[in-house]
>>> print(open('input.txt').read())   # compact mmCIF, C-alpha atoms
# COMPACT_ATOMS: atom_id res chain seq x y z
CA MET A 1166 -39.60 -31.12 28.67
CA PHE A 1167 -41.78 -29.84 25.83
CA ILE A 1168 -42.19 -31.77 22.59
CA CYS A 1169 -43.86 -30.59 19.35
CA LYS A 1170 -47.20 -32.04 20.47
CA ASP A 1171 -47.19 -29.73 23.51
CA VAL A 1172 -46.68 -26.69 21.27
CA VAL A 1173 -49.60 -27.74 19.07
CA GLU A 1174 -51.90 -28.46 22.00
CA ASN A 1175 -51.07 -25.16 23.73
CA ILE A 1176 -51.12 -22.97 20.63
CA MET A 1177 -54.52 -21.37 21.32
CA ASP A 1178 -53.59 -20.25 24.81
CA TYR A 1179 -50.19 -19.12 23.53
CA ILE A 1180 -51.76 -16.93 20.84
CA ASP A 1181 -54.25 -15.54 23.38
CA SER A 1182 -51.42 -14.88 25.92
CA GLU A 1183 -53.15 -17.14 28.43
CA LEU A 1184 -50.27 -19.49 29.26
CA ASP A 1185 -48.77 -19.48 32.74
CA LEU A 1186 -45.19 -18.24 32.83
CA GLU A 1187 -43.59 -21.65 33.23
CA THR A 1188 -45.48 -23.19 30.29
CA LEU A 1189 -44.75 -20.11 28.19
CA LYS A 1190 -41.02 -20.40 28.86
CA GLU A 1191 -41.03 -24.12 27.99
CA LEU A 1192 -42.96 -23.49 24.80
CA GLU A 1193 -40.73 -20.66 23.64
CA LYS A 1194 -37.61 -22.63 24.49
CA HIS A 1195 -38.81 -25.57 22.40
CA THR A 1196 -39.98 -23.34 19.53
CA GLY A 1197 -36.62 -21.53 19.53
CA ASP A 1198 -34.84 -24.85 19.06
CA CYS A 1199 -37.34 -26.48 16.70
CA PRO A 1200 -37.71 -25.00 13.19
CA GLU A 1201 -40.77 -27.21 12.55
CA CYS A 1202 -42.58 -25.68 15.52
CA MET A 1203 -41.39 -22.21 14.56
CA ALA A 1204 -42.95 -22.73 11.11
CA PHE A 1205 -46.08 -24.15 12.73
CA VAL A 1206 -46.57 -21.07 14.94
CA SER A 1207 -45.84 -18.64 12.06
CA THR A 1208 -48.25 -20.30 9.64
CA TYR A 1209 -50.90 -20.59 12.39
CA ARG A 1210 -50.67 -16.83 13.00
CA ARG A 1211 -50.86 -16.11 9.25
CA MET A 1212 -53.90 -18.38 8.95
CA LEU A 1213 -55.67 -16.31 11.62
CA GLU A 1214 -54.84 -13.13 9.70
CA ILE A 1215 -56.44 -14.59 6.57
CA THR A 1216 -59.61 -15.83 8.28
CA GLY A 1217 -59.88 -12.43 10.00
CA LYS A 1218 -60.34 -10.92 6.54
CA LEU A 1219 -63.60 -12.82 6.13
CA LYS A 1220 -65.32 -10.69 8.76
CA ASP A 1221 -67.88 -8.11 7.65
CA LYS A 1222 -68.27 -9.67 4.23
CA PRO A 1223 -71.46 -8.32 2.65
CA PHE A 1224 -73.99 -10.99 1.71
CA VAL A 1225 -77.39 -9.40 1.48
CA THR A 1226 -77.99 -7.86 -1.92
CA PRO A 1227 -80.80 -5.34 -2.56
CA GLU A 1228 -82.70 -8.21 -4.26
CA ILE A 1229 -82.51 -10.43 -1.14
CA ARG A 1230 -83.56 -7.47 1.01
CA ASN A 1231 -86.47 -6.73 -1.30
CA ARG A 1232 -87.69 -10.33 -1.23
CA LEU A 1233 -87.62 -10.15 2.58
CA LYS A 1234 -89.65 -6.93 2.49
CA ILE A 1235 -92.27 -8.50 0.22
CA LEU A 1236 -92.47 -11.59 2.45
CA LEU A 1237 -92.88 -9.56 5.63
CA GLU A 1238 -95.56 -7.37 4.05
CA SER A 1239 -97.53 -10.41 2.91
CA LYS A 1240 -97.20 -12.36 6.18
CA LEU A 1241 -97.75 -9.47 8.56
CA LYS A 1242 -100.65 -7.83 6.74
CA PRO A 1243 -103.39 -6.93 9.24
CA VAL A 1244 -106.43 -9.21 8.75
CA MET B 1298 -92.01 27.87 -4.29
CA GLU B 1299 -93.72 27.00 -1.01
CA ILE B 1300 -94.25 23.36 -2.06
CA GLY B 1301 -90.58 23.10 -3.03
CA PHE B 1302 -89.55 24.45 0.35
CA ILE B 1303 -91.81 22.01 2.21
CA LYS B 1304 -90.49 19.07 0.16
CA LYS B 1305 -86.93 20.11 0.94
CA LEU B 1306 -87.78 20.45 4.64
CA ILE B 1307 -89.36 16.97 4.72
CA SER B 1308 -86.30 15.53 3.01
CA VAL B 1309 -83.95 17.20 5.54
CA ILE B 1310 -86.06 15.87 8.45
CA ALA B 1311 -86.08 12.35 6.93
CA THR B 1312 -82.29 12.43 6.46
CA ASN B 1313 -81.79 13.56 10.05
CA ASP B 1314 -84.11 10.78 11.25
CA ASN B 1315 -82.10 8.19 9.27
CA GLU B 1316 -78.85 9.49 10.69
CA GLN B 1317 -80.22 9.44 14.21
CA ILE B 1318 -81.74 5.97 14.08
CA THR B 1319 -78.34 4.44 13.31
CA ARG B 1320 -77.14 5.78 16.68
CA ILE B 1321 -79.96 4.22 18.71
CA SER B 1322 -79.12 1.17 20.82
CA ASP B 1323 -80.50 -2.27 19.99
CA ASP B 1324 -82.52 -2.27 23.21
CA GLU B 1325 -84.20 1.02 22.34
CA LEU B 1326 -85.03 -0.16 18.80
CA ILE B 1327 -86.56 -3.32 20.27
CA ARG B 1328 -88.57 -1.30 22.78
CA ARG B 1329 -89.91 0.99 20.05
CA TYR B 1330 -90.84 -1.90 17.78
CA THR B 1331 -92.48 -4.06 20.44
CA GLN B 1332 -94.46 -1.13 21.88
CA THR B 1333 -95.57 0.71 18.75
CA ARG B 1334 -94.65 -1.61 15.83
CA ASP B 1335 -92.43 1.19 14.57
CA GLU B 1336 -91.35 0.07 11.09
CA ALA B 1337 -88.27 2.29 10.96
CA SER B 1338 -86.93 0.63 14.11
CA PHE B 1339 -87.49 -2.83 12.66
CA ASP B 1340 -85.80 -1.79 9.39
CA GLU B 1341 -82.79 -0.60 11.37
CA ILE B 1342 -82.55 -3.97 13.14
CA VAL B 1343 -82.61 -5.65 9.72
CA ASN B 1344 -79.91 -3.23 8.48
CA ARG B 1345 -77.67 -4.05 11.42
CA TYR B 1346 -77.99 -7.80 11.42
CA SER B 1347 -78.96 -9.01 7.96
CA ASP B 1348 -75.40 -9.73 6.73
CA ARG B 1349 -74.47 -11.51 9.96
CA ILE B 1350 -77.64 -13.62 9.98
CA TYR B 1351 -77.42 -14.50 6.29
CA GLY B 1352 -73.68 -15.27 6.62
CA PHE B 1353 -74.27 -17.55 9.60
CA ALA B 1354 -77.19 -19.33 7.89
CA LEU B 1355 -75.01 -19.78 4.81
CA ARG B 1356 -72.24 -21.23 6.96
CA ILE B 1357 -74.62 -23.79 8.47
CA THR B 1358 -76.53 -24.72 5.30
CA ARG B 1359 -73.70 -24.18 2.75
CA ASN B 1360 -76.30 -23.30 0.15
CA ALA B 1361 -77.38 -19.78 -0.88
CA SER B 1362 -81.01 -20.64 -1.51
CA ASP B 1363 -81.32 -22.51 1.82
CA ALA B 1364 -79.59 -19.62 3.59
CA GLU B 1365 -82.12 -17.17 2.18
CA GLU B 1366 -85.01 -19.34 3.39
CA VAL B 1367 -83.51 -19.34 6.89
CA PHE B 1368 -82.76 -15.62 6.70
CA GLN B 1369 -86.41 -14.90 5.86
CA GLU B 1370 -87.66 -17.20 8.59
CA VAL B 1371 -85.44 -15.50 11.21
CA PHE B 1372 -86.70 -12.01 10.41
CA LEU B 1373 -90.29 -13.21 10.14
CA THR B 1374 -89.94 -14.78 13.60
CA LEU B 1375 -88.39 -11.56 14.81
CA ALA B 1376 -91.22 -9.42 13.45
CA LYS B 1377 -93.79 -11.64 15.13
CA LYS B 1378 -92.03 -12.57 18.35
CA LEU B 1379 -89.52 -9.87 19.20
CA ASP B 1380 -91.35 -9.36 22.49
CA MET B 1381 -90.12 -12.83 23.49
CA PHE B 1382 -86.64 -11.38 23.80
CA ARG B 1383 -86.26 -10.86 27.56
CA GLY B 1384 -82.91 -9.14 27.53
CA GLU B 1385 -81.29 -11.92 29.57
CA SER B 1386 -78.52 -12.24 26.98
CA LYS B 1387 -77.12 -9.87 24.38
CA PHE B 1388 -79.61 -9.31 21.57
CA SER B 1389 -77.05 -10.46 18.98
CA SER B 1390 -76.53 -13.76 20.89
CA TRP B 1391 -80.29 -14.32 21.05
CA LEU B 1392 -80.55 -13.63 17.30
CA TYR B 1393 -77.76 -16.09 16.47
CA ARG B 1394 -79.57 -18.68 18.62
CA VAL B 1395 -82.79 -18.05 16.65
CA THR B 1396 -80.74 -18.53 13.45
CA VAL B 1397 -79.26 -21.84 14.65
CA ASN B 1398 -82.73 -23.15 15.49
CA ALA B 1399 -84.25 -21.94 12.21
CA SER B 1400 -81.37 -23.49 10.24
CA TYR B 1401 -81.65 -26.89 11.92
CA MET B 1402 -85.43 -26.87 11.54
CA TYR B 1403 -85.14 -25.96 7.86
CA LEU B 1404 -82.50 -28.62 7.15
CA ARG B 1405 -84.64 -31.23 8.95
CA SER B 1406 -87.70 -30.25 6.91
CA GLN B 1407 -85.68 -30.66 3.72
CA LYS B 1408 -84.24 -33.95 5.00
CA LYS B 1409 -80.75 -32.56 4.48
CA HIS B 1410 -78.77 -34.47 7.04
CA GLU B 1411 -75.05 -33.95 7.46
CA ASN B 1412 -72.89 -36.67 8.98
CA ASN B 1413 -71.04 -35.01 11.80
CA ILE B 1414 -67.55 -36.47 11.71
CA SER B 1415 -65.36 -35.93 14.76
CA LEU B 1416 -62.04 -34.14 14.35
CA GLU B 1417 -61.06 -34.74 17.96
CA ASN B 1418 -58.06 -36.81 16.91
CA TYR B 1419 -57.05 -34.45 14.12
CA SER B 1420 -53.48 -33.27 14.64
CA PRO B 1421 -50.43 -32.37 12.57
CA TYR B 1422 -47.92 -34.36 14.68
CA ASP B 1423 -47.01 -38.05 14.34
CA GLU B 1424 -47.59 -40.85 16.88
CA LYS B 1425 -44.44 -39.79 18.75
CA GLY B 1426 -45.78 -36.25 19.08
CA THR B 1427 -43.24 -34.70 16.71
CA LEU B 1428 -43.72 -32.42 13.72
CA MET B 1429 -40.43 -33.51 12.14
CA GLY B 1430 -40.59 -33.28 8.34
CA ARG B 1431 -44.24 -32.21 8.34
CA ILE B 1432 -44.42 -28.40 8.50
CA MET B 1433 -41.28 -26.56 7.46
CA TYR B 1434 -41.12 -27.72 3.85
CA LYS B 1435 -44.54 -26.13 3.34
CA ASP B 1436 -43.83 -22.94 5.34
CA TRP B 1437 -45.66 -20.11 3.59
CA SER B 1438 -45.68 -17.59 6.44
CA SER B 1439 -43.13 -15.25 4.89
CA ARG B 1440 -44.98 -14.93 1.59
CA PRO B 1441 -45.86 -11.32 0.76
CA ASP B 1442 -49.34 -10.09 1.72
CA ILE B 1443 -50.25 -9.63 -1.94
CA ILE B 1444 -50.03 -13.43 -2.38
CA ILE B 1445 -51.44 -14.41 1.00
CA PHE B 1446 -54.48 -12.17 0.83
CA ASN B 1447 -55.30 -12.72 -2.83
CA LYS B 1448 -58.85 -13.49 -3.91
CA GLU B 1449 -58.06 -17.11 -4.67
CA ALA B 1450 -56.63 -17.69 -1.17
CA LEU B 1451 -59.84 -16.30 0.34
CA ILE B 1452 -61.89 -18.63 -1.89
CA ILE B 1453 -59.71 -21.56 -0.77
CA ILE B 1454 -60.18 -20.74 2.89
CA GLU B 1455 -63.95 -20.36 2.43
CA LYS B 1456 -64.01 -23.76 0.75
CA ALA B 1457 -61.88 -25.28 3.50
CA ILE B 1458 -64.17 -23.86 6.22
CA ASN B 1459 -67.12 -25.44 4.45
CA GLU B 1460 -65.30 -28.79 4.50
CA LEU B 1461 -65.30 -28.72 8.29
CA PRO B 1462 -67.98 -30.87 9.95
CA GLU B 1463 -70.97 -28.73 10.98
CA SER B 1464 -70.26 -28.66 14.72
CA TYR B 1465 -66.74 -27.32 14.07
CA ARG B 1466 -67.85 -25.00 11.26
CA THR B 1467 -70.37 -23.16 13.42
CA VAL B 1468 -67.90 -22.72 16.30
CA PHE B 1469 -65.19 -21.50 13.94
CA HIS B 1470 -67.56 -19.07 12.22
CA LEU B 1471 -68.82 -17.49 15.44
CA SER B 1472 -65.39 -17.39 17.10
CA ASP B 1473 -62.92 -16.49 14.38
CA ILE B 1474 -65.06 -14.79 11.77
CA GLU B 1475 -67.65 -13.05 13.94
CA GLY B 1476 -65.14 -12.57 16.76
CA LEU B 1477 -67.45 -13.68 19.59
CA SER B 1478 -66.10 -14.73 22.98
CA ASN B 1479 -66.01 -18.38 24.07
CA GLU B 1480 -68.80 -17.58 26.55
CA GLU B 1481 -71.05 -16.14 23.83
CA VAL B 1482 -70.41 -19.07 21.47
CA SER B 1483 -71.12 -21.49 24.31
CA GLU B 1484 -74.42 -19.76 25.03
CA ILE B 1485 -75.50 -19.57 21.37
CA LEU B 1486 -74.68 -23.19 20.54
CA GLU B 1487 -75.62 -24.54 23.98
CA ILE B 1488 -72.33 -26.37 24.45
CA SER B 1489 -69.74 -26.08 27.23
CA ILE B 1490 -66.83 -23.63 27.03
CA PRO B 1491 -64.27 -26.51 26.93
CA ALA B 1492 -66.22 -27.93 23.95
CA VAL B 1493 -66.05 -24.53 22.20
CA LYS B 1494 -62.29 -24.33 22.75
CA SER B 1495 -61.69 -27.90 21.69
CA ARG B 1496 -63.71 -27.58 18.46
CA LEU B 1497 -62.08 -24.26 17.62
CA HIS B 1498 -58.63 -25.75 18.19
CA ARG B 1499 -59.25 -28.71 15.84
CA ALA B 1500 -60.92 -26.48 13.24
CA ARG B 1501 -57.91 -24.16 13.18
CA LEU B 1502 -55.46 -27.07 12.84
CA PHE B 1503 -57.49 -28.40 9.93
CA LEU B 1504 -57.61 -24.99 8.20
CA ARG B 1505 -53.88 -24.32 8.73
CA ASP B 1506 -53.15 -27.62 7.00
CA LYS B 1507 -55.48 -26.81 4.11
CA LEU B 1508 -53.83 -23.43 3.57
CA SER B 1509 -50.37 -25.01 3.73
CA ASP B 1510 -51.37 -27.48 1.02
CA TYR B 1511 -52.76 -24.66 -1.10
CA PHE B 1512 -49.71 -22.39 -0.86
CA HIS B 1513 -47.37 -25.35 -1.34
CA GLU B 1514 -49.19 -26.37 -4.54
CA TRP B 1515 -49.31 -22.76 -5.69
CA ARG B 1516 -45.49 -22.51 -5.63
CA LYS B 1517 -45.07 -25.46 -7.99
>>> encode(input="input.txt", output="structure tokens")
Amino acid sequence: MFICKDVVENIMDYIDSELDLETLKELEKHTGDCPECMAFVSTYRRMLEITGKLKDKPFVTPEIRNRLKILLESKLKPV
Amino acid sequence: MEIGFIKKLISVIATNDNEQITRISDDELIRRYTQTRDEASFDEIVNRYSDRIYGFALRITRNASDAEEVFQEVFLTLAKKLDMFRGESKFSSWLYRVTVNASYMYLRSQKKHENNISLENYSPYDEKGTLMGRIMYKDWSSRPDIIIFNKEALIIIEKAINELPESYRTVFHLSDIEGLSNEEVSEILEISIPAVKSRLHRARLFLRDKLSDYFHEWRK
């Protein structure tokens, strides 16, 4: 029988739909009966939504790019 | 009149070239640069990867000035040694690997050593394996998007990611921010796939807790 620890330790495979059917049933049965685990799964999913927003964040300003250009020109100058 | 026409024609050709180069594959850009030192091809590689390389260097070093040093070193290495790329892995994976090496080398040269604490025992449940009384009272999952995705929450999560020990931070960054597969992360960081999964798991548990604390405090 599943306990909260099993939900936590299987959460990655659960989110990625990689659990075998039996484990999935056990997990969902426990989560359905356990509001703490239900809250754990919901907040875990929301956390992934937030961290997903950090993708494609621009970092390199024109100034950084220009300093790289100057460096490359000085270091790669033909002798 | 004629000069104006020629200038316009050159500008149209240049624009078309710029549009076309963005459609060229990484492999073709590499081939052009290694064979003819074509600057436009190298510039396009920089365009494609500069944010990812700088972002990854910043994640490892946690310092903008250090990240820029690493960023410069990576592209300098690339300009000099791109022909060392053998195409045995994806170019992006190879480039991340170059960034990891450059970052560690830079941090060593600056004697900036980070104690790598293990999170292997980090978990939200108690010694009996139960979450009782630990999660629900801080449940923030039904908060509206406008609160969840606000600028301050993103700053909090960035700060929390940077609190992770380095070996967890790099895995989390490549997996959940860059969206790479476990196999790619394993190859880049030269660790096993079970180690990637284990570090990612603990990093996510840590970050979920940090966000719960933040949203719980925010409500007060």
>>> axis_aligned_box(input="input.txt", around="segment 1205-1220 of chain A", padding_each_side="3 Å", output="lines of an AutoDock Vina configuration file")
center_x = -55.6
center_y = -17.4
center_z = 10.5
size_x = 25.5
size_y = 19.5
size_z = 14.8
>>> interface_residues(input="input.txt", of="chain B", to="chain A", cutoff="7 Å", atoms="only C-alpha atoms", output="PyMOL selection string")
chain B and resi 1347-1348+1351-1352+1369+1373+1422+1426-1429+1432-1433+1436-1438+1446+1473-1475+1498+1505
>>> atom_distance(input="input.txt", atom1="atom CA of Val1482 of chain B", atom2="atom CA of Ala1337 of chain B")
29.8 Å
>>> closest_residue(input="input.txt", among="B:Phe1388, B:Phe1353, B:Tyr1434, B:Phe1368", to="Leu1326 of chain B", atoms="all atoms listed in the file")
B:Phe1388
>>> residues_near_point(input="input.txt", point="(-80.7, -17.2, 15.9)", cutoff="12 Å", atoms="only C-alpha atoms", output="PyMOL selection string")
chain B and resi 1346-1347+1349-1354+1357+1367-1375+1379+1382+1387-1402+1471+1482+1484-1486
>>> atom_distance(input="input.txt", atom1="atom CA of Arg1405 of chain B", atom2="atom CA of Asn1360 of chain B")
14.5 Å
>>> atom_distance(input="input.txt", atom1="atom CA of Ile1235 of chain A", atom2="atom CA of Asp1380 of chain B")
22.3 Å
